[in-house]
Amino acid sequence: MTIVKEAPAAAPNVVARKLTYVKAFNEGLAQAMREDENVFVAGEDVAGYGGVFRMFDNLLDEFGPRRMIDTPISEAALVGLGVGAAARGLRPVVDLMFMDFIGVCLDQIVNQAAKMKYMFGGALSVPLTITTASGAGLGAAAQHSQSLEAWLAHVPGLKVVMPSDAYTAKGLTVSAIRDDNPVVVMLNKVLLGSTSEVPEEIYGIPLGQAHTARQGSDVTVIALGRMVGEALAAADELAAQGVEIEVIDPRTVQPLDTETMFASVRRTNRVLVVHEAVTFGGLGAEIAAQIQDAAFDHLDAPVLRIGAPFSPVPFSPVLEKAYVPDRARIAEGCRRLLERS
Amino acid sequence: MTIVKEAPAAAPNVVARKLTYVKAFNEGLAQAMREDENVFVAGEDVAGYGGVFRMFDNLLDEFGPRRMIDTPISEAALVGLGVGAAARGLRPVVDLMFMDFIGVCLDQIVNQAAKMKYMFGGALSVPLTITTASGAGLGAAAQHSQSLEAWLAHVPGLKVVMPSDAYTAKGLTVSAIRDDNPVVVMLNKVLLGSTSEVPEEIYGIPLGQAHTARQGSDVTVIALGRMVGEALAAADELAAQGVEIEVIDPRTVQPLDTETMFASVRRTNRVLVVHEAVTFGGLGAEIAAQIQDAAFDHLDAPVLRIGAPFSPVPFSPVLEKAYVPDRARIAEGCRRLLERS
Amino acid sequence: MAQRASKKSADPAANQESAQVVKDLHERMVRIRLFETEAGKLMEAGRLPGFLHLYVGQEAVAAGVMAALRDDDQITSTHRGHGHAVAKGVGLREMYAELYGRVTGACLGRGGSMHINDLTRGMLGANGIVGAGVPIAVGAAFAARYKGEDSVAVTFFGDGATNIGAFHEGANMAAILGLPVVFVCENNGYAEFTPQSGHMLLTDVADRAAAYGMPSVIVDGMDALAVHRAAADAVARARAGAGPMMIEAKTYRFYDHQGVKGLRHPYRSAEEVAEWKARDPIDLLEARAVADGTATRAELDDVWQRTRDEIAEAIAYAEASPLPDPADLLLNVYSG
Amino acid sequence: MAQRASKKSADPAANQESAQVVKDLHERMVRIRLFETEAGKLMEAGRLPGFLHLYVGQEAVAAGVMAALRDDDQITSTHRGHGHAVAKGVGLREMYAELYGRVTGACLGRGGSMHINDLTRGMLGANGIVGAGVPIAVGAAFAARYKGEDSVAVTFFGDGATNIGAFHEGANMAAILGLPVVFVCENNGYAEFTPQSGHMLLTDVADRAAAYGMPSVIVDGMDALAVHRAAADAVARARAGAGPMMIEAKTYRFYDHQGVKGLRHPYRSAEEVAEWKARDPIDLLEARAVADGTATRAELDDVWQRTRDEIAEAIAYAEASPLPDPADLLLNVYSG
Ligand SMILES: Cc1ncc(C[n+]2csc(CCOP(=O)(O)OP(=O)(O)O)c2C)c(N)n1
Ligand SMILES: Cc1ncc(C[n+]2csc(CCOP(=O)(O)OP(=O)(O)O)c2C)c(N)n1
Ligand SMILES: [Mg+2]
Ligand SMILES: [Mg+2]
């Protein structure tokens, strides 16, 4: 998969280097910890074990038990620890392992972290980063495969990023940590081992800025997280058939850079939104609602949404494969959009 | 506020009788408990005190402590109690008091109640009813005023109803209890004391069926919960100016009766969706996304959404008033839609 | 088994307590009492929007604990947070202005009663979600230790709150991380309208501390000096790095769960209310102070009078303060 | 303080145990062991999708408890649920078919390892969320009492799970409602890769029961008979209406947290693993059975052989079973 990489401003002589998504995350986190003594990490098995997804490998060796904290299985207290520490000036990174577990600690995320600054009249900031792994595709079934960005993006006070490759896994993580607000970093489990070019030095990727991963004139595809790669693959396939797809990776879903989307749609006049989450009430709904408003006179077809059907994530791989959107469904969606006069 | 009331099928001689929203809820619940011995109620201060909103008044007297259970402040265990009891054939009604508290028990609602039937291969049903009070307008501030239907409607396996008046408070509650799925009944705090005509006998209102609360040809207003009354008031005001507004009350937001909406929009060609929840990622997004798709060629203007701004609910009444959508904003929205050629 | 410290307070040693401390406790309690009774009146008069969970009756707890704290020590509070805020030194003007929803309020009018905070005083906020303040205090204590500071964090919670997951998780987290957190359970015998016997099988909430390997102590929550001594011990312990501890203060609220309605309500017997009222924490302290010569009646009365004036001034300030501007609806949703 | 029942098992009274019970426990344990080791092999061979949290080493707990239960007694389980399911009598065919993701599986291939259930056997499901099964068991017990039945509910959970809110809330709920729930903590010393000493300050998880006014007992979790006696007592107590009780079974898992990888891993010392392996619960029971004449070696071997055959047949059944049809993606999302 080819992604137009932004060269970090301060790094003119970067030699192309490929890194896996999880290693890129890890490198960004380590660099952010070096950059700011106030950054620490807490979570279940993040220190001694390095995280069940190896996200935190080697960090205990470098940063020691003061900054790498293994906690009990107590997600509400874990996020609360982060909220309290952030309120007192630290920059906690708390890890929730599987995104599906937010159901046990959503109060601390939504009613505490996200609202505290506002409710307190601006008296403080909550520079908290929450990392977690989302997405289906590993046969992990209904309680370990969800993509719940729509819940979080609906919460004023939160920011939410969805890295789509190694480059963004690093840059968005760094930016999340540097940001003064609570930010949820939704890593994708299936992407953990995927590679892309990643600069060695620390760099941030601006939150709230979408990235045009591929330019094209026929259809705009707005894809979240892992779906960016699928969209690019679909674009390759369609290019062979003479259809030029523009692929937009929002990167941040809250705040959402709709201007980039609007501008693209005004050129292509056709748009498809794709995400792993169930379609109903997913982020695609918000994007479609905004586009049909802002680009009403430019649309040659309704905004098409592709997401999961309205069901929990099935276990059996044959069902899971049919459940999660993929390049074939995206390509087919683009063709359907183009058929519409 | 005038609402076209459906006469219950089995009740030809009903004498018009007005009841408050909370009393109507209470009556429906009591009748459902009489109808089915398996229905019981559990929650904080629901028995001895009758509920902080008086939702459960007098039920302890009639049904006794076996069926009216006061619980500790343990919402996760409370919902879990309901899940386990429902899995074993009872029809629990568990009360969450303020909807804002679902953050402490969402796992039991979303990962357990909603998914159990599916994950278990259909081996059981979870006929659980969750009652809760939502909405702003009482100066209850950011942690006691939310409308979080968008979260729940995004969850396969759940149903969600939003009674808009006393009549629906009773009928939807009865249907929720009779339904074999987990259903969340979102009462609205501001409406608790409002009155409308309510038949005395037990009746259900079909889940997943929208209701056209007022017919009109110029603009379709789809309003959730308390906003239905506001929309009807706006319609009255606009009628005086010769504009005929059609008001649709979805009543159930999951499953959502979009057919009624589509049919209306195909006639009016203009639609406004209004809810108390923040606009971004709210249910209005889903409704707008579906309408722009299904009625693309019928829309004379983009679907307009009216919701709260992207902020927690403010405390100060002067701010709260500006925050929550109302009849004036709805009327203004309709006018804007009509101005668009 | 929780240690019982309540005995101690009947001890003659109590008389040794410095007059300074007694006066400090008295002043804090009077401030709370008057703040709350006036707030209750304003609410009854329909002048305040929203809910009020008044602290009247429990003053000895907030006063006793807060007198053992420094400004840089942090507290997290509850829905019943006014007493904690007043005792921690939050300005009365800002507090009333907040209750009135004015832009000069402690939350710029955005938060109301349940979100009063003052970071300059280590008041990390009241909280509308039962138990939610517990893990936040643990985080504050973590930050203090991380930064090499010797401040402590105190988290207040009710008897009812000890049934919620966040309490359990927060207590275990503090214990396993050995953090300087003092857990103060204000056991007023009720969670809303449910008596303690209806929400747990234990008589002493303090016995829950053992589940976390945490020591605990039970004090007479109507005895400000007893509370103060227990708090000073627990705070000193935490500050010295010996980890968290729980204090259970047996107390009572004189008003209804929310609002003022009055003392008697079907869920509490008139006798029970009368018994507790007979042990009004301010009366108790005043009686002892006068009896042992720590203070004269006139001195005590003077505190009431001065405080009354200050409160009247604060209310006037609040009433004269401007409302927030609806144009600023999005203020402070995000930083930066 | 939790009662220690582990002593009892060294008691000569143990020999009185009926041969019937010993054989029952043995058979259940062998079934679990073989089910799990074969599942592990299939996983290593890349034949099974998803995750597997194997139960090997802990068999005495599931066997001991389940032998004290009736079919109408309900259990809720965990991510490490195969042992509970097998011991409760869930069909091996349906279990393997589920691990293979076949439509003949216990969840029609929709749930996988962490959602195996069988309502006809009172198996209310494994669970992917730590602690979530606890309140569900409380609800099942509530339903039993509500309907006037005398069945009980048993909830299994690990040492690590006792740190999560749902455990705390569920335990208190069961206690205050006096419900027939038996809380079985399988303390295998680790929550994933974190030793117990890294997630709580207590040595005995059973001591947490006191926080709910619940009695508790500690048993040797490698001794099926000891577990069985403790479970029989607790179940009888609950069935008689005396309310919930907690059993802590000290045990060990012989495989990795997830998957099979092997016994040794940096987080556990070779000595520790060897010590526990030397107390393999099946070996222990077999040695005792042979020593006291309850069973002959040949009889025991026969159980292994019969079970092996049954397992092979079940695996063959699973492999021959059809996959679910993607056209049925929306099956069972809703009732009706
Ligand atoms: C999670 C949650 N559940 C329920 C409530 C509603 N509620 C507010 S105060 C309260 C009772 C608290 O009892 P306790 O902890 O003893 O404090 P007290 O009111 O006695 O000071 C309840 C149930 C809430 N705010 N948050
Ligand atoms: C709420 C939640 N947090 C974290 C996890 C990830 N997780 C699965 S098993 C496990 C360890 C459980 O330890 P314990 O309860 O001792 O059971 P054991 O694995 O030892 O049998 C963890 C942390 C989860 N599934 N659910
Ligand atoms: Mg209380
Ligand atoms: Mg364990």
# chains A, B, ... in the order shown; residues from 1 in each chain; ligands from 1
>>> residues_around(residues="region 272-286 of chain C", least_positions_apart="5", cutoff="7 Å", atoms="only C-alpha atoms", output="ChimeraX atom specification")
/C:26,29,57,59-60,222-224,252,263
>>> write_last_selection(atoms="N, CA, C and O atoms", output="tab-separated table (two decimals), in the first residue's frame")
chain	number	residue	atom	x	y	z
C	26	HIS	N	-13.53	25.17	64.80
C	26	HIS	CA	-14.79	25.87	65.03
C	26	HIS	C	-15.11	26.81	63.87
C	26	HIS	O	-16.22	26.83	63.35
C	29	MET	N	-16.17	24.96	60.81
C	29	MET	CA	-17.52	24.38	60.93
C	29	MET	C	-18.61	25.44	60.82
C	29	MET	O	-19.64	25.23	60.17
C	57	GLY	N	-24.68	19.06	59.41
C	57	GLY	CA	-24.63	17.91	60.30
C	57	GLY	C	-23.29	17.19	60.23
C	57	GLY	O	-22.83	16.59	61.20
C	59	GLU	N	-20.35	18.66	59.50
C	59	GLU	CA	-19.27	19.65	59.46
C	59	GLU	C	-17.97	19.21	60.13
C	59	GLU	O	-16.88	19.61	59.73
C	60	ALA	N	-18.12	18.38	61.17
C	60	ALA	CA	-16.91	17.99	61.90
C	60	ALA	C	-15.95	17.20	61.02
C	60	ALA	O	-14.73	17.25	61.22
C	222	MET	N	-19.03	13.29	64.69
C	222	MET	CA	-19.61	14.52	65.23
C	222	MET	C	-18.59	15.23	66.12
C	222	MET	O	-18.86	16.31	66.64
C	223	ASP	N	-17.45	14.62	66.28
C	223	ASP	CA	-16.42	15.15	67.16
C	223	ASP	C	-15.26	15.62	66.30
C	223	ASP	O	-14.42	14.84	65.85
C	224	ALA	N	-15.22	16.92	66.09
C	224	ALA	CA	-14.24	17.47	65.16
C	224	ALA	C	-12.82	17.19	65.60
C	224	ALA	O	-11.94	16.94	64.77
C	252	TYR	N	-24.01	12.19	60.37
C	252	TYR	CA	-25.43	12.23	60.05
C	252	TYR	C	-25.70	13.50	59.27
C	252	TYR	O	-25.08	14.53	59.52
C	263	LEU	N	-36.08	17.84	58.62
C	263	LEU	CA	-35.36	16.70	59.19
C	263	LEU	C	-36.11	15.40	59.06
C	263	LEU	O	-35.56	14.36	58.81
>>> residues_near_ligand(ligand="ligand 2", cutoff="6 Å", atoms="only C-alpha atoms and all ligand atoms", output="list in words")
Ile73 and Phe101 of chain A; Arg80, Gly128, Ile129, Val130, Phe157, Gly158, Asp159, Gly160, Ala161, Asn188, Tyr190, Ala191, Glu192 and His257 of chain D
>>> write_last_selection(atoms="C-alpha atoms", output="PDB file, in the first residue's frame")
ATOM      1  CA  ILE A  73      -7.439  -5.210  36.244  1.00  0.00           C
ATOM      2  CA  PHE A 101     -13.246  -2.767  27.583  1.00  0.00           C
TER       3      PHE A 101
ATOM      4  CA  ARG D  80     -10.774 -19.460  30.713  1.00  0.00           C
ATOM      5  CA  GLY D 128     -14.622 -12.205  27.448  1.00  0.00           C
ATOM      6  CA  ILE D 129     -14.884  -9.383  29.938  1.00  0.00           C
ATOM      7  CA  VAL D 130     -13.085  -9.949  33.217  1.00  0.00           C
ATOM      8  CA  PHE D 157     -13.417 -15.797  38.503  1.00  0.00           C
ATOM      9  CA  GLY D 158      -9.671 -15.411  38.797  1.00  0.00           C
ATOM     10  CA  ASP D 159      -7.504 -13.697  41.357  1.00  0.00           C
ATOM     11  CA  GLY D 160      -7.045 -10.822  38.940  1.00  0.00           C
ATOM     12  CA  ALA D 161     -10.775 -10.442  38.449  1.00  0.00           C
ATOM     13  CA  ASN D 188      -3.756 -19.304  39.941  1.00  0.00           C
ATOM     14  CA  TYR D 190      -1.434 -14.515  38.078  1.00  0.00           C
ATOM     15  CA  ALA D 191      -3.546 -12.060  36.162  1.00  0.00           C
ATOM     16  CA  GLU D 192      -2.099 -12.584  32.723  1.00  0.00           C
ATOM     17  CA  HIS D 257      -2.101 -17.117  29.813  1.00  0.00           C
TER      18      HIS D 257
END
>>> interface_residues(of="chain C", to="chain D", cutoff="9 Å", atoms="only C-alpha atoms", output="list of chain:residue names")
C:Asn163, C:Ile164, C:Gly165, C:Ala166, C:Phe167, C:His168, C:Glu169, C:Asn172, C:Met173, C:Ala175, C:Ile176, C:Leu177, C:Ser197, C:Gly198, C:His199, C:Met200, C:Leu201, C:Leu202, C:Val205, C:Asp207, C:Arg208, C:Ala209, C:Ala210, C:Ala211, C:Tyr212, C:Gly213, C:Met214
>>> residues_around(residues="Gly139 (chain B)", least_positions_apart="6", cutoff="10 Å", atoms="only C-alpha atoms", output="list of chain:residue names")
B:Ser145, B:Val313, B:Pro314, B:Phe315, B:Ser316, B:Pro317, B:Val318, B:Leu319, B:Glu320, B:Lys321, C:Leu48, C:Pro49, C:Gly50, C:Phe51, C:Gly101, C:Arg110, C:Gly111, C:Gly112, C:Ser113
>>> select_by_dssp(residues="region 116-215 of chain D", states="alpha helix (DSSP H)", output="NGL selection string")
:D and (133-146 or 165-177)
>>> write_last_selection(atoms="C-alpha atoms", output="PDB file, in the first residue's frame")
ATOM      1  CA  GLY D 133     -19.973 -13.003  34.797  1.00  0.00           C
ATOM      2  CA  VAL D 134     -20.209 -12.213  38.486  1.00  0.00           C
ATOM      3  CA  PRO D 135     -23.318  -9.999  38.458  1.00  0.00           C
ATOM      4  CA  ILE D 136     -24.913 -12.246  35.859  1.00  0.00           C
ATOM      5  CA  ALA D 137     -24.690 -15.178  38.258  1.00  0.00           C
ATOM      6  CA  VAL D 138     -26.247 -12.977  40.922  1.00  0.00           C
ATOM      7  CA  GLY D 139     -29.131 -12.386  38.540  1.00  0.00           C
ATOM      8  CA  ALA D 140     -29.486 -16.096  37.854  1.00  0.00           C
ATOM      9  CA  ALA D 141     -29.640 -16.770  41.586  1.00  0.00           C
ATOM     10  CA  PHE D 142     -32.196 -14.023  41.936  1.00  0.00           C
ATOM     11  CA  ALA D 143     -34.349 -15.668  39.287  1.00  0.00           C
ATOM     12  CA  ALA D 144     -34.130 -19.031  40.996  1.00  0.00           C
ATOM     13  CA  ARG D 145     -35.299 -17.632  44.307  1.00  0.00           C
ATOM     14  CA  TYR D 146     -37.936 -15.488  42.624  1.00  0.00           C
ATOM     15  CA  GLY D 165     -15.638  -3.217  40.032  1.00  0.00           C
ATOM     16  CA  ALA D 166     -18.130  -5.771  38.767  1.00  0.00           C
ATOM     17  CA  PHE D 167     -16.781  -8.364  41.191  1.00  0.00           C
ATOM     18  CA  HIS D 168     -17.133  -6.000  44.124  1.00  0.00           C
ATOM     19  CA  GLU D 169     -20.586  -4.841  43.168  1.00  0.00           C
ATOM     20  CA  GLY D 170     -21.793  -8.341  42.426  1.00  0.00           C
ATOM     21  CA  ALA D 171     -20.491  -9.740  45.708  1.00  0.00           C
ATOM     22  CA  ASN D 172     -22.133  -7.001  47.734  1.00  0.00           C
ATOM     23  CA  MET D 173     -25.352  -7.340  45.780  1.00  0.00           C
ATOM     24  CA  ALA D 174     -25.516 -11.080  46.416  1.00  0.00           C
ATOM     25  CA  ALA D 175     -24.792 -10.542  50.081  1.00  0.00           C
ATOM     26  CA  ILE D 176     -27.339  -7.816  50.728  1.00  0.00           C
ATOM     27  CA  LEU D 177     -30.018  -9.698  48.818  1.00  0.00           C
TER      28      LEU D 177
END
>>> closest_atom_pairs(of="chain A", to="chain C", cutoff="7 Å", atoms="only C-alpha atoms", output="JSON lines")
{"residue": "A:Pro72", "atom": "CA", "partner": "C:Met173", "partner_atom": "CA", "distance": 7.0}
{"residue": "A:Ser74", "atom": "CA", "partner": "C:Glu169", "partner_atom": "CA", "distance": 5.5}
{"residue": "A:Ala76", "atom": "CA", "partner": "C:Ala166", "partner_atom": "CA", "distance": 6.0}
{"residue": "A:Ala77", "atom": "CA", "partner": "C:Pro135", "partner_atom": "CA", "distance": 4.9}
{"residue": "A:Gly80", "atom": "CA", "partner": "C:Pro135", "partner_atom": "CA", "distance": 4.6}
{"residue": "A:Leu81", "atom": "CA", "partner": "C:Gly139", "partner_atom": "CA", "distance": 3.7}
{"residue": "A:Gly82", "atom": "CA", "partner": "C:Gly139", "partner_atom": "CA", "distance": 5.9}
{"residue": "A:Val83", "atom": "CA", "partner": "C:Ile136", "partner_atom": "CA", "distance": 5.9}
{"residue": "A:Gly84", "atom": "CA", "partner": "C:Gly139", "partner_atom": "CA", "distance": 3.9}
{"residue": "A:Ala85", "atom": "CA", "partner": "C:Gly139", "partner_atom": "CA", "distance": 4.4}
{"residue": "A:Arg88", "atom": "CA", "partner": "C:Ala140", "partner_atom": "CA", "distance": 6.0}
{"residue": "A:Leu90", "atom": "CA", "partner": "C:Ala143", "partner_atom": "CA", "distance": 6.6}
{"residue": "A:Lys117", "atom": "CA", "partner": "C:Asn332", "partner_atom": "CA", "distance": 6.2}
{"residue": "A:Tyr118", "atom": "CA", "partner": "C:Asn332", "partner_atom": "CA", "distance": 4.9}
{"residue": "A:Met119", "atom": "CA", "partner": "C:Gly111", "partner_atom": "CA", "distance": 4.5}
{"residue": "A:Phe120", "atom": "CA", "partner": "C:Cys107", "partner_atom": "CA", "distance": 4.6}
{"residue": "A:Gly121", "atom": "CA", "partner": "C:Cys107", "partner_atom": "CA", "distance": 3.9}
{"residue": "A:Gly122", "atom": "CA", "partner": "C:Asn332", "partner_atom": "CA", "distance": 5.2}
{"residue": "A:Ala123", "atom": "CA", "partner": "C:Leu119", "partner_atom": "CA", "distance": 6.9}
{"residue": "A:Ser125", "atom": "CA", "partner": "C:Ser335", "partner_atom": "CA", "distance": 6.3}
{"residue": "A:Pro156", "atom": "CA", "partner": "C:Val333", "partner_atom": "CA", "distance": 6.7}
{"residue": "A:Gly157", "atom": "CA", "partner": "C:Val333", "partner_atom": "CA", "distance": 5.3}
{"residue": "A:Asp180", "atom": "CA", "partner": "C:Ser335", "partner_atom": "CA", "distance": 5.9}
{"residue": "A:Asn181", "atom": "CA", "partner": "C:Ser335", "partner_atom": "CA", "distance": 6.0}
>>> interface_residues(of="chain B", to="chain A", cutoff="7 Å", atoms="only C-alpha atoms", output="compact mmCIF listing (two decimals) with N, CA and C atoms, in the first residue's frame")
# COMPACT_ATOMS: atom_id res chain seq x y z
N GLY B 103 -22.33 5.28 32.02
CA GLY B 103 -20.88 5.12 31.89
C GLY B 103 -20.30 4.13 32.87
N VAL B 104 -20.96 3.92 34.00
CA VAL B 104 -20.43 2.95 34.97
C VAL B 104 -20.95 1.53 34.74
N CYS B 105 -21.84 1.35 33.80
CA CYS B 105 -22.41 0.00 33.62
C CYS B 105 -22.61 -0.34 32.16
N LEU B 106 -21.94 0.38 31.28
CA LEU B 106 -22.19 0.17 29.86
C LEU B 106 -21.74 -1.21 29.41
N ASP B 107 -20.72 -1.74 30.05
CA ASP B 107 -20.30 -3.09 29.66
C ASP B 107 -21.44 -4.08 29.80
N ASN B 111 -21.95 -5.14 26.17
CA ASN B 111 -21.21 -6.39 25.91
C ASN B 111 -21.94 -7.63 26.42
N LYS B 115 -25.42 -8.43 23.44
CA LYS B 115 -24.76 -9.42 22.59
C LYS B 115 -25.04 -10.87 22.98
N GLN B 143 -23.15 16.32 34.24
CA GLN B 143 -23.18 14.88 34.56
C GLN B 143 -24.58 14.37 34.90
N ALA B 150 -27.61 8.15 20.98
CA ALA B 150 -26.78 7.79 19.83
C ALA B 150 -25.84 6.64 20.17
N TRP B 151 -25.34 6.61 21.40
CA TRP B 151 -24.49 5.49 21.80
C TRP B 151 -25.26 4.18 21.70
N ALA B 153 -28.16 3.42 20.25
CA ALA B 153 -28.73 3.05 18.95
C ALA B 153 -27.67 2.46 18.03
N HIS B 154 -26.42 2.65 18.36
CA HIS B 154 -25.28 2.14 17.58
C HIS B 154 -24.95 0.69 17.97
N PRO B 156 -25.89 -3.12 18.10
CA PRO B 156 -26.75 -4.22 17.65
C PRO B 156 -27.20 -5.07 18.84
N PHE B 280 -23.15 16.69 16.64
CA PHE B 280 -22.09 15.85 16.07
C PHE B 280 -22.24 14.41 16.57
N GLY B 281 -22.43 13.51 15.63
CA GLY B 281 -22.55 12.10 15.98
C GLY B 281 -23.86 11.73 16.62
N GLY B 282 -24.81 12.65 16.64
CA GLY B 282 -26.12 12.36 17.20
C GLY B 282 -26.97 11.55 16.23
N LEU B 283 -28.14 11.18 16.69
CA LEU B 283 -28.99 10.36 15.84
C LEU B 283 -29.43 11.10 14.58
N ALA B 285 -27.60 12.54 12.61
CA ALA B 285 -26.64 12.21 11.55
C ALA B 285 -27.12 10.96 10.81
N GLU B 286 -27.50 9.94 11.57
CA GLU B 286 -27.98 8.70 10.95
C GLU B 286 -29.23 8.97 10.12
N ALA B 288 -30.23 11.80 8.82
CA ALA B 288 -29.88 12.60 7.65
C ALA B 288 -29.20 11.74 6.59
N ALA B 289 -28.29 10.88 7.05
CA ALA B 289 -27.56 10.04 6.10
C ALA B 289 -28.52 9.10 5.36
N GLN B 292 -30.85 11.34 2.91
CA GLN B 292 -30.20 11.85 1.70
C GLN B 292 -29.96 10.70 0.72
N ASP B 293 -29.89 9.50 1.24
CA ASP B 293 -29.70 8.35 0.36
C ASP B 293 -31.04 7.94 -0.26
N PHE B 296 -32.85 11.07 -2.16
CA PHE B 296 -31.90 11.99 -2.81
C PHE B 296 -32.56 12.88 -3.86
N PRO B 302 -30.68 20.48 1.64
CA PRO B 302 -30.04 19.44 2.46
C PRO B 302 -30.84 19.18 3.74
N VAL B 303 -30.73 17.99 4.25
CA VAL B 303 -31.35 17.69 5.53
C VAL B 303 -30.70 18.59 6.58
N PHE B 310 -21.44 21.58 20.44
CA PHE B 310 -20.49 20.56 20.87
C PHE B 310 -19.80 20.95 22.18
N SER B 311 -20.55 20.76 23.24
CA SER B 311 -20.07 21.13 24.57
C SER B 311 -20.83 20.30 25.59
N PRO B 312 -20.26 20.10 26.77
CA PRO B 312 -21.05 19.49 27.84
C PRO B 312 -22.24 20.39 28.15
>>> select_by_dssp(residues="region 156-297 of chain C", states="strand (DSSP E)", output="count of residues only")
25
>>> residues_around(residues="region 226-241 of chain C", least_positions_apart="3", cutoff="8 Å", atoms="only C-alpha atoms", output="ChimeraX atom specification")
/C:5-6,8-9,60-61,63-65,67-69,150-152,178-182,217,219-221,223,244-247,249
>>> write_last_selection(atoms="C-alpha atoms", output="compact mmCIF listing (two decimals), in the first residue's frame")
# COMPACT_ATOMS: atom_id res chain seq x y z
CA ALA C 5 -10.50 5.85 67.53
CA SER C 6 -13.77 7.18 68.85
CA LYS C 8 -9.84 8.43 72.31
CA SER C 9 -11.92 11.55 72.01
CA ALA C 60 -16.91 17.99 61.90
CA VAL C 61 -15.64 15.68 59.18
CA ALA C 63 -13.30 20.62 59.27
CA GLY C 64 -11.38 17.91 61.09
CA VAL C 65 -9.76 16.55 57.97
CA ALA C 67 -7.38 21.26 59.35
CA ALA C 68 -4.82 18.48 58.91
CA LEU C 69 -4.05 19.44 55.32
CA ASP C 150 5.27 15.24 49.72
CA SER C 151 1.67 16.35 49.38
CA VAL C 152 -1.11 13.85 49.97
CA GLY C 178 1.49 2.46 47.97
CA LEU C 179 0.25 5.96 47.27
CA PRO C 180 -0.33 8.78 49.75
CA VAL C 181 -4.12 8.72 49.73
CA VAL C 182 -6.39 9.08 52.73
CA VAL C 217 -9.80 3.72 61.87
CA VAL C 219 -14.02 7.98 64.52
CA ASP C 220 -16.96 9.82 65.93
CA GLY C 221 -17.83 12.02 63.01
CA ASP C 223 -16.42 15.15 67.16
CA PRO C 244 -3.06 4.75 52.08
CA MET C 245 -5.38 4.47 55.05
CA MET C 246 -9.09 4.65 55.55
CA ILE C 247 -10.98 6.73 58.08
CA ALA C 249 -16.40 8.97 60.35
>>> atom_distance(atom1="CA of Val247 (chain A)", atom2="CA of Glu201 (chain A)")
27.0 Å
>>> atom_distance(atom1="CA of Lys159 (chain B)", atom2="CA of Asp95 (chain B)")
15.7 Å
>>> residues_around(residues="Val46 (chain A)", least_positions_apart="4", cutoff="12 Å", atoms="only C-alpha atoms", output="PyMOL selection string")
(chain A and resi 26+40-42+50-61+64-65+67-73+93-97+131-132) or (chain D and resi 192-194)
>>> decode(residues="region 257-261 of chain C", atoms="N, CA, C and O atoms", output="short mmCIF file (atom, residue, chain, number, x, y, z; two decimals), in the first residue's frame")
data_model
loop_
_atom_site.label_atom_id
_atom_site.label_comp_id
_atom_site.auth_asym_id
_atom_site.auth_seq_id
_atom_site.Cartn_x
_atom_site.Cartn_y
_atom_site.Cartn_z
N HIS C 257 -31.74 14.30 51.68
CA HIS C 257 -30.67 13.94 50.76
C HIS C 257 -30.36 15.09 49.82
O HIS C 257 -29.20 15.44 49.59
N GLN C 258 -31.41 15.66 49.28
CA GLN C 258 -31.27 16.80 48.37
C GLN C 258 -32.23 17.85 48.86
O GLN C 258 -33.36 17.54 49.25
N GLY C 259 -31.79 19.09 48.84
CA GLY C 259 -32.67 20.14 49.30
C GLY C 259 -32.76 20.16 50.82
O GLY C 259 -31.96 19.51 51.51
N VAL C 260 -33.72 20.89 51.31
CA VAL C 260 -33.79 21.14 52.75
C VAL C 260 -34.96 20.46 53.44
O VAL C 260 -34.87 20.08 54.60
N LYS C 261 -36.04 20.32 52.71
CA LYS C 261 -37.32 19.82 53.23
C LYS C 261 -37.48 19.81 54.74
O LYS C 261 -38.55 20.10 55.24
#
